[in-house]
Amino acid sequence: MQRKVWQALLVISMISLTVLAERKDPKDRDPLATRDTRNQDRWVDSVFNSMSFQDRLGQLFMVAAYSNKDQKHKDEIAKLIREQKLGGLIFFQGGPVRQAHLTNYYQSISSTPLYIAMDAEWGISMRLDSVLQFPKQMTLGAIQDDRLIYNMGAEIARQFKELGMHINFAPVVDVNSNPQNPVIGYRAFGEQKELVTRKSLAYMKGLQENGIMANAKHFPGHGDTESDSHYSLPVIRHSEDRIKNIDLYPYKELIDNNLMSVMVAHLHVPSLDKEPNKATTLSKYVVSDLLKKQMNFNGLIFTDALNMKGVSQYHKPGEVDLLALMAGNDILLYSEDVPKAKALIIQAVADGKISQQEIDQRIRKVLRAKYWSGLHAYKPINTNKLVERISTFETKNNIEQLYASSISVVANKNNFLPLKNLDLLNMASITIGGNEGKEFKRQLSKYGNVSHFTLGKNPTAANYKTLEDKLSTYNTIIVAITGMTNSPKRNFGLADSDINFVKSLSERYNVITVMFGNSYGVKFLEDLPHVLVAYEENDFTEKLAPQVIFGARSATGRLPVTASKNMSAGSGLKTDKLGRIAYSSPELQGLNSRTLMEIDQKMDDAIRKKATPGGVILVAKDGHVIFEKAYGYLDYDRKVPTSTETVYDLASITKVMATTQAAMFLESQQLLDMNAPISQYLPDLKDTNKGKLKIKEIMSHEAGLQAYIPFHTKTMSGGQWKNEYYSSHETAGYNIQLAERMFAINSLPDSLWKWSVNSDMKKLPAGKTRHEYTYSDIGMYLMQKVVERLLNQPLNDFMEHNFYEPLGLHSLTYLPQTKINSSNIAPTEDDRTFRKTVVRGFVHDQGAAMYGGVAGHAGLFGTANDLAVMMQMMLQGGKYGDVFLLNNKTIQQFTKRQSDQSRRGWGWDKPEPEFNRGGGAGKLAPKSTFGHTGFTGTAVWADPENQLIYVFLSNRVYPDATNNLLLKEGYRTDIHDIIYRSFLTPIKNITANK
């Protein structure tokens, strides 16, 4: 028994020894080691031994290079590479393609592969043009999900590799404890050491785990300074204990997780080195004792740029390099005189101030790092389509997620946000600070009828008074603070008069303030009731902030710093999502942007062949609009391009966006029985040939009604108007306007109704007990009367007050000529036969025009976004925002296939039940899809299985309605199929009829 115990203890002992042997002492941790250390050492020895001591000294120098300078600069760098055997370059301003060509050239003339670095804290756009910009670190500090920051690091690493770069001087791990800090500020993640550490670690791992060396800076901590080391030597008077507890905390954690390099700052810290005016970069205690020995850091140590006044004002070029090297730094960054520095170093070795062995060890360290970066197998940069390869769709998606997750709601009195009861809000927006905020305004208008105002920079008292007078009719005002700076000494660019104006407005109106700028600036807004911090001003933040305001997205960001007593670090209120449509990128919702680009080709072809002068296409997936694009022009004069705000005549889409919606509402309220005869609701029809028609038969186009009756021909003779019906100008009794110079007698709608009621029915086929399917407008003439009788109000009034206004749809409307500037409306037909003019802003359908512009089958106008909102409401079971409009059971009943004779639902169109049989939807659309098409070249489809919405708007009838090329060539259905082919995962396509 005792022997077994001893045997067990021996086994445990051996296991423990093995574990201890595998667990390296921190002093032995080597972040520069690769898995194939034998090959790494062999390559390092080979390169090292191929150079003389003087030549290999060049490996310790990294000079500044630019791709936006002249040939003289290029020649100077080339000379240094050839003659001084430079170790590397740090690139600054320029462009990606120019830099790539220079890098290839410089590498080709270097005997040893060059280390290429960049100070790219928020990505390469910090230095280069033509590329997308990532958020700055204080913006990232507001994000709660650190995985997003890791992803950013990984994406920046990919971009670095495309440009043949190896080191990113990021992240900034300074704990920004001083709000007046002029050089760090927004470049830091925040003021709390734990937060800074988490974010820095995520960024570092994103870089290093994807092959790019990270660099933590600015050691030992630049977060509590009030001067800029670019222009002077900042002094930090904290105790060594405080520095170790706060400023060095992130370094310790990163070093424990294999941080590969550190940059030492130009600071004077008396508690660490008392020698007057001595920068930490030149302090042996800071670099060698504190960083290397006490903190066990074995990675590369870079100086901060040696041309900065923090050191250059006290030491000459070359001399400062020697002092930095003697302090313990490995790489001398931005050296201004490499030949002189090398000469001084060689002399120092001769004088015994530093040993050659010590220098050689650092050179070997640099070479080992180069092997880790893959320079032992160097390949030139491929410059083909380089810009496109750097800024990809995935890059944009990454950036969008970061900004969306950073937006912080720091004040929300009475939970006013997100906005509810849109029909009760009379909204205006103001942009102050000098910028227009075009994207912000455009996005706000997608959610409601918002009037926009701009208050220019340096406004006068008169400017404030004029604007105040204009705002008197509104109750809700959204203020965008733009044009901010990062200068604490200048209040971040905020004008006292602007802030006082906003505070004055908040005393009388519901004011929502969005600050696009430095988080410290929010202290000036702390008395306001509803405040969002967007941290930066760009198209991303301007697009995202309105989505938070209206509840399309939830706010999850938290202030990373303390701005004031009431705005402390960590402040931020989570807001609700209300189920309104958001605006996003294809890949984030599972679609492929590259495939969706085929839509461009289709539309370009349609416009080239004159199938339509232009159009707008929208795609929404899972409640996010992921594609919205305008093509072509309003007409073939090609003077006015279409936009996503262009309003189109929706034609027969009116049937499902007005009349059918009203019918579904009534059915949801149990006020409409689909099995009842129409005479139950319109007793006047009881003794007519239509009295026994069932509502469901009318709505499914199986009631035996005529397909189309050209009622307008009854009002014409010899191609001219009959005087008893029309006048070229408005006069007594002729007030129904059909076009610019065409007015109808007020009794014309009554005549039209009489003609509809008295119209012949189709004959019942022999041997049949019910009529076959015949698509008919007449049914919607009848249904309009039914719903108006039950609602006791006109169809347009009901839809506007109960659907469109509560949903924020101010451009989805009948009679657009009374509400919308005609320049925003696409012209339809150049009507030479009936109205004798170009029809624009008036309904194209002749019968609907004779009805006064409000009809059950046509007359509705709108944008692609309007239709997307309506369809999203349907996909969400009748709920949108804070509004419940329809019963989900009713929606499902109306949108399912109703007969074995056709594909139709009640009011709604469907894909053909058999594959490849045509219809208005794409061949790949599941059978549960529902929607409608319109004569003017429009279509809208919703797929509940894949939560997909497709909108196609055009004015193909311009200038001539006989142009049928859009349908003949199948552009609408082909584009629908392109959307399905863009899915990144298999399509849910249920073939069973539903």
# chains A, B, ... in the order shown; residues from 1 in each chain; ligands from 1
>>> select_by_dssp(residues="stretch 617-821 of chain A", states="alpha helix (DSSP H)", output="VMD selection string")
chain A and resid 654 660 to 668 695 to 699 748 to 757 778 to 791 795 to 799
>>> residues_around(residues="stretch 522-533 of chain A", least_positions_apart="5", cutoff="8 Å", atoms="only C-alpha atoms", output="ChimeraX atom specification")
/A:407-413,416-417,499,503,506,511-517,545,563-564,566-567
>>> residues_around(residues="A:Lys340", least_positions_apart="3", cutoff="6 Å", atoms="only C-alpha atoms", output="ChimeraX atom specification")
/A:318,337,343
>>> write_last_selection(atoms="N, CA and C atoms", output="compact mmCIF listing (two decimals), in the first residue's frame")
# COMPACT_ATOMS: atom_id res chain seq x y z
N GLY A 318 21.84 62.35 -34.79
CA GLY A 318 22.99 61.46 -34.64
C GLY A 318 23.32 61.26 -33.19
N ASP A 337 19.81 61.67 -39.25
CA ASP A 337 21.18 61.64 -39.79
C ASP A 337 21.80 60.28 -39.51
N ALA A 343 28.39 56.59 -37.20
CA ALA A 343 29.77 56.94 -36.85
C ALA A 343 29.92 57.13 -35.35
>>> closest_residue(among="A:Phe842, A:Phe983, A:Tyr66, A:Phe803", to="A:Gly878", atoms="only C-alpha atoms")
A:Phe803
>>> closest_residue(among="A:Leu685, A:Ile143, A:Ala495, A:Leu254", to="A:Lys205", atoms="only C-alpha atoms")
A:Leu254
>>> residues_around(residues="stretch 623-640 of chain A", least_positions_apart="5", cutoff="6 Å", atoms="only C-alpha atoms", output="PyMOL selection string")
chain A and resi 581-586+613-618+826
>>> select_by_dssp(residues="stretch 599-767 of chain A", states="strand (DSSP E or B)", output="ChimeraX atom specification")
/A:614-621,624-633,641,647-649,677,694,716-717,720-721,726-727,731,734,736-739,742-744
>>> write_last_selection(atoms="N, CA and C atoms", output="mmCIF file, in the first residue's frame")
data_model
loop_
_atom_site.group_PDB
_atom_site.id
_atom_site.type_symbol
_atom_site.label_atom_id
_atom_site.label_comp_id
_atom_site.auth_asym_id
_atom_site.auth_seq_id
_atom_site.Cartn_x
_atom_site.Cartn_y
_atom_site.Cartn_z
ATOM 1 N N GLY A 614 -34.712 55.319 -66.387
ATOM 2 C CA GLY A 614 -34.018 55.191 -65.117
ATOM 3 C C GLY A 614 -34.833 54.361 -64.155
ATOM 4 N N GLY A 615 -34.381 54.286 -62.925
ATOM 5 C CA GLY A 615 -35.117 53.515 -61.935
ATOM 6 C C GLY A 615 -34.405 53.467 -60.606
ATOM 7 N N VAL A 616 -35.081 52.895 -59.636
ATOM 8 C CA VAL A 616 -34.521 52.715 -58.297
ATOM 9 C C VAL A 616 -34.778 51.281 -57.867
ATOM 10 N N ILE A 617 -33.752 50.665 -57.301
ATOM 11 C CA ILE A 617 -33.884 49.292 -56.802
ATOM 12 C C ILE A 617 -33.498 49.261 -55.335
ATOM 13 N N LEU A 618 -34.296 48.572 -54.555
ATOM 14 C CA LEU A 618 -34.050 48.426 -53.116
ATOM 15 C C LEU A 618 -34.174 46.961 -52.737
ATOM 16 N N VAL A 619 -33.269 46.528 -51.869
ATOM 17 C CA VAL A 619 -33.329 45.177 -51.312
ATOM 18 C C VAL A 619 -33.190 45.294 -49.799
ATOM 19 N N ALA A 620 -34.076 44.634 -49.083
ATOM 20 C CA ALA A 620 -33.992 44.592 -47.616
ATOM 21 C C ALA A 620 -33.950 43.135 -47.176
ATOM 22 N N LYS A 621 -33.136 42.872 -46.194
ATOM 23 C CA LYS A 621 -33.001 41.515 -45.658
ATOM 24 C C LYS A 621 -33.007 41.582 -44.141
ATOM 25 N N HIS A 624 -33.229 45.002 -42.621
ATOM 26 C CA HIS A 624 -32.166 45.954 -42.958
ATOM 27 C C HIS A 624 -32.162 46.199 -44.465
ATOM 28 N N VAL A 625 -32.243 47.440 -44.864
ATOM 29 C CA VAL A 625 -32.039 47.778 -46.268
ATOM 30 C C VAL A 625 -30.553 47.619 -46.559
ATOM 31 N N ILE A 626 -30.230 46.704 -47.477
ATOM 32 C CA ILE A 626 -28.815 46.419 -47.726
ATOM 33 C C ILE A 626 -28.399 46.809 -49.145
ATOM 34 N N PHE A 627 -29.372 47.240 -49.946
ATOM 35 C CA PHE A 627 -29.068 47.703 -51.300
ATOM 36 C C PHE A 627 -30.140 48.712 -51.666
ATOM 37 N N GLU A 628 -29.730 49.908 -51.989
ATOM 38 C CA GLU A 628 -30.668 50.952 -52.414
ATOM 39 C C GLU A 628 -29.917 51.847 -53.380
ATOM 40 N N LYS A 629 -30.321 51.796 -54.635
ATOM 41 C CA LYS A 629 -29.524 52.482 -55.644
ATOM 42 C C LYS A 629 -30.402 53.043 -56.747
ATOM 43 N N ALA A 630 -30.058 54.240 -57.178
ATOM 44 C CA ALA A 630 -30.768 54.897 -58.277
ATOM 45 C C ALA A 630 -29.947 54.766 -59.554
ATOM 46 N N TYR A 631 -30.644 54.617 -60.677
ATOM 47 C CA TYR A 631 -29.994 54.446 -61.970
ATOM 48 C C TYR A 631 -30.594 55.411 -62.992
ATOM 49 N N GLY A 632 -29.768 55.850 -63.916
ATOM 50 C CA GLY A 632 -30.259 56.622 -65.041
ATOM 51 C C GLY A 632 -30.794 57.990 -64.687
ATOM 52 N N TYR A 633 -31.756 58.427 -65.489
ATOM 53 C CA TYR A 633 -32.305 59.778 -65.390
ATOM 54 C C TYR A 633 -33.825 59.740 -65.349
ATOM 55 N N PRO A 641 -30.668 63.350 -62.984
ATOM 56 C CA PRO A 641 -30.518 61.936 -62.601
ATOM 57 C C PRO A 641 -31.557 61.537 -61.562
ATOM 58 N N VAL A 647 -39.778 60.073 -56.460
ATOM 59 C CA VAL A 647 -41.134 59.556 -56.253
ATOM 60 C C VAL A 647 -41.684 59.067 -57.596
ATOM 61 N N TYR A 648 -42.206 57.861 -57.593
ATOM 62 C CA TYR A 648 -42.729 57.251 -58.818
ATOM 63 C C TYR A 648 -44.227 56.990 -58.702
ATOM 64 N N ASP A 649 -44.887 56.993 -59.862
ATOM 65 C CA ASP A 649 -46.273 56.532 -59.963
ATOM 66 C C ASP A 649 -46.246 55.015 -59.810
ATOM 67 N N PRO A 677 -71.391 38.528 -49.990
ATOM 68 C CA PRO A 677 -71.583 39.181 -51.284
ATOM 69 C C PRO A 677 -71.357 40.680 -51.145
ATOM 70 N N LYS A 694 -68.910 37.659 -54.547
ATOM 71 C CA LYS A 694 -68.318 37.560 -53.220
ATOM 72 C C LYS A 694 -67.028 38.388 -53.143
ATOM 73 N N MET A 716 -64.410 61.258 -75.011
ATOM 74 C CA MET A 716 -63.700 61.853 -76.133
ATOM 75 C C MET A 716 -64.430 61.570 -77.439
ATOM 76 N N SER A 717 -64.148 62.404 -78.405
ATOM 77 C CA SER A 717 -64.740 62.235 -79.731
ATOM 78 C C SER A 717 -63.735 62.725 -80.765
ATOM 79 N N GLN A 720 -60.523 64.136 -79.461
ATOM 80 C CA GLN A 720 -60.555 65.387 -78.700
ATOM 81 C C GLN A 720 -61.496 65.253 -77.508
ATOM 82 N N TRP A 721 -61.286 66.102 -76.505
ATOM 83 C CA TRP A 721 -62.148 66.087 -75.327
ATOM 84 C C TRP A 721 -63.550 66.546 -75.688
ATOM 85 N N TYR A 726 -64.617 68.193 -69.995
ATOM 86 C CA TYR A 726 -63.316 68.765 -69.657
ATOM 87 C C TYR A 726 -63.194 70.233 -70.024
ATOM 88 N N SER A 727 -62.274 70.885 -69.310
ATOM 89 C CA SER A 727 -61.928 72.273 -69.599
ATOM 90 C C SER A 727 -60.409 72.409 -69.502
ATOM 91 N N THR A 731 -62.514 76.063 -63.681
ATOM 92 C CA THR A 731 -63.639 76.984 -63.677
ATOM 93 C C THR A 731 -64.741 76.390 -62.827
ATOM 94 N N TYR A 734 -65.728 72.655 -62.676
ATOM 95 C CA TYR A 734 -64.655 71.873 -63.276
ATOM 96 C C TYR A 734 -63.404 72.009 -62.396
ATOM 97 N N ILE A 736 -61.740 69.075 -60.948
ATOM 98 C CA ILE A 736 -60.934 67.852 -60.848
ATOM 99 C C ILE A 736 -59.803 67.940 -61.862
ATOM 100 N N GLN A 737 -58.590 68.067 -61.355
ATOM 101 C CA GLN A 737 -57.440 68.248 -62.235
ATOM 102 C C GLN A 737 -56.838 66.918 -62.633
ATOM 103 N N LEU A 738 -56.689 66.702 -63.951
ATOM 104 C CA LEU A 738 -56.109 65.477 -64.490
ATOM 105 C C LEU A 738 -54.689 65.678 -64.998
ATOM 106 N N ALA A 739 -54.336 66.929 -65.305
ATOM 107 C CA ALA A 739 -53.004 67.265 -65.801
ATOM 108 C C ALA A 739 -52.821 68.765 -65.634
ATOM 109 N N MET A 742 -55.733 70.517 -67.660
ATOM 110 C CA MET A 742 -56.897 69.668 -67.921
ATOM 111 C C MET A 742 -57.709 69.501 -66.644
ATOM 112 N N PHE A 743 -58.948 69.932 -66.676
ATOM 113 C CA PHE A 743 -59.839 69.868 -65.523
ATOM 114 C C PHE A 743 -61.136 69.192 -65.938
ATOM 115 N N ALA A 744 -61.624 68.302 -65.068
ATOM 116 C CA ALA A 744 -62.828 67.537 -65.373
ATOM 117 C C ALA A 744 -64.017 68.075 -64.601
#
>>> closest_residue(among="A:Arg835, A:Lys574, A:Arg594, A:Arg198", to="A:Pro250", atoms="only C-alpha atoms")
A:Arg198
>>> atom_distance(atom1="atom CA of A:Val235", atom2="atom CA of A:Asp330")
24.1 Å
>>> residues_around(residues="A:Phe297", least_positions_apart="6", cutoff="12 Å", atoms="only C-alpha atoms", output="CSV table (one decimal) with N, CA and C atoms, in the first residue's frame")
chain,number,residue,atom,x,y,z
A,25,ASP,N,9.7,30.6,-17.9
A,25,ASP,CA,9.8,31.8,-17.0
A,25,ASP,C,9.6,33.1,-17.8
A,26,PRO,N,8.9,34.1,-17.2
A,26,PRO,CA,8.6,35.3,-17.9
A,26,PRO,C,9.9,35.9,-18.5
A,27,LYS,N,11.0,35.7,-17.9
A,27,LYS,CA,12.2,36.3,-18.3
A,27,LYS,C,12.6,35.6,-19.7
A,28,ASP,N,12.2,34.4,-19.9
A,28,ASP,CA,12.6,33.7,-21.1
A,28,ASP,C,11.5,33.8,-22.2
A,29,ARG,N,10.4,34.5,-21.9
A,29,ARG,CA,9.4,34.6,-23.0
A,29,ARG,C,9.9,35.4,-24.2
A,30,ASP,N,9.7,34.8,-25.3
A,30,ASP,CA,10.3,35.4,-26.6
A,30,ASP,C,9.1,35.6,-27.6
A,31,PRO,N,8.5,36.8,-27.6
A,31,PRO,CA,7.4,37.0,-28.5
A,31,PRO,C,7.8,37.0,-30.0
A,32,LEU,N,9.1,37.1,-30.3
A,32,LEU,CA,9.6,37.1,-31.7
A,32,LEU,C,9.9,35.7,-32.2
A,216,ALA,N,2.8,48.7,-28.8
A,216,ALA,CA,2.1,49.4,-27.7
A,216,ALA,C,2.9,50.7,-27.4
A,251,TYR,N,0.5,47.7,-20.3
A,251,TYR,CA,1.7,47.1,-20.8
A,251,TYR,C,1.9,45.7,-20.2
A,252,LYS,N,1.7,45.6,-18.9
A,252,LYS,CA,2.0,44.3,-18.2
A,252,LYS,C,1.1,43.2,-18.8
A,253,GLU,N,-0.2,43.6,-19.0
A,253,GLU,CA,-1.2,42.6,-19.5
A,253,GLU,C,-0.8,42.2,-20.9
A,254,LEU,N,-0.4,43.2,-21.7
A,254,LEU,CA,-0.1,42.9,-23.1
A,254,LEU,C,1.2,42.1,-23.2
A,255,ILE,N,2.2,42.4,-22.4
A,255,ILE,CA,3.4,41.7,-22.4
A,255,ILE,C,3.2,40.2,-22.0
A,256,ASP,N,2.3,40.0,-21.1
A,256,ASP,CA,2.0,38.7,-20.7
A,256,ASP,C,1.3,37.9,-21.8
A,257,ASN,N,0.7,38.6,-22.8
A,257,ASN,CA,0.0,38.0,-23.9
A,257,ASN,C,0.8,38.1,-25.2
A,258,ASN,N,2.2,38.2,-25.0
A,258,ASN,CA,3.1,38.1,-26.2
A,258,ASN,C,3.1,39.4,-27.0
A,259,LEU,N,3.0,40.5,-26.4
A,259,LEU,CA,3.2,41.8,-27.2
A,259,LEU,C,4.6,41.8,-27.8
A,260,MET,N,4.6,42.2,-29.1
A,260,MET,CA,5.9,42.0,-29.8
A,260,MET,C,6.7,43.3,-29.8
A,261,SER,N,6.1,44.4,-29.6
A,261,SER,CA,7.0,45.6,-29.7
A,261,SER,C,6.4,46.8,-28.9
A,262,VAL,N,7.2,47.7,-28.4
A,262,VAL,CA,6.8,48.8,-27.6
A,262,VAL,C,7.5,50.0,-28.2
A,287,VAL,N,14.1,52.4,-20.0
A,287,VAL,CA,14.1,51.4,-21.1
A,287,VAL,C,14.7,50.1,-20.7
A,288,SER,N,15.9,50.1,-20.1
A,288,SER,CA,16.5,48.8,-19.8
A,288,SER,C,16.1,48.2,-18.5
A,289,ASP,N,16.0,49.1,-17.5
A,289,ASP,CA,15.7,48.5,-16.1
A,289,ASP,C,14.2,48.3,-16.0
A,290,LEU,N,13.4,49.3,-16.2
A,290,LEU,CA,12.0,49.2,-16.0
A,290,LEU,C,11.3,48.2,-17.0
A,291,LEU,N,11.5,48.6,-18.3
A,291,LEU,CA,10.8,47.8,-19.4
A,291,LEU,C,11.4,46.4,-19.6
A,328,GLY,N,18.9,51.6,-24.3
A,328,GLY,CA,18.3,50.2,-24.4
A,328,GLY,C,17.4,50.0,-25.6
A,329,ASN,N,17.1,51.1,-26.4
A,329,ASN,CA,16.2,50.9,-27.5
A,329,ASN,C,16.8,50.1,-28.6
>>> atom_distance(atom1="atom CA of A:Asn151", atom2="atom CA of A:Ile212")
13.4 Å
>>> residues_around(residues="A:Leu195", least_positions_apart="5", cutoff="9 Å", atoms="only C-alpha atoms", output="ChimeraX atom specification")
/A:141,189-190,200,560
>>> atom_distance(atom1="atom CA of A:Ala64", atom2="atom CA of A:Tyr334")
5.4 Å
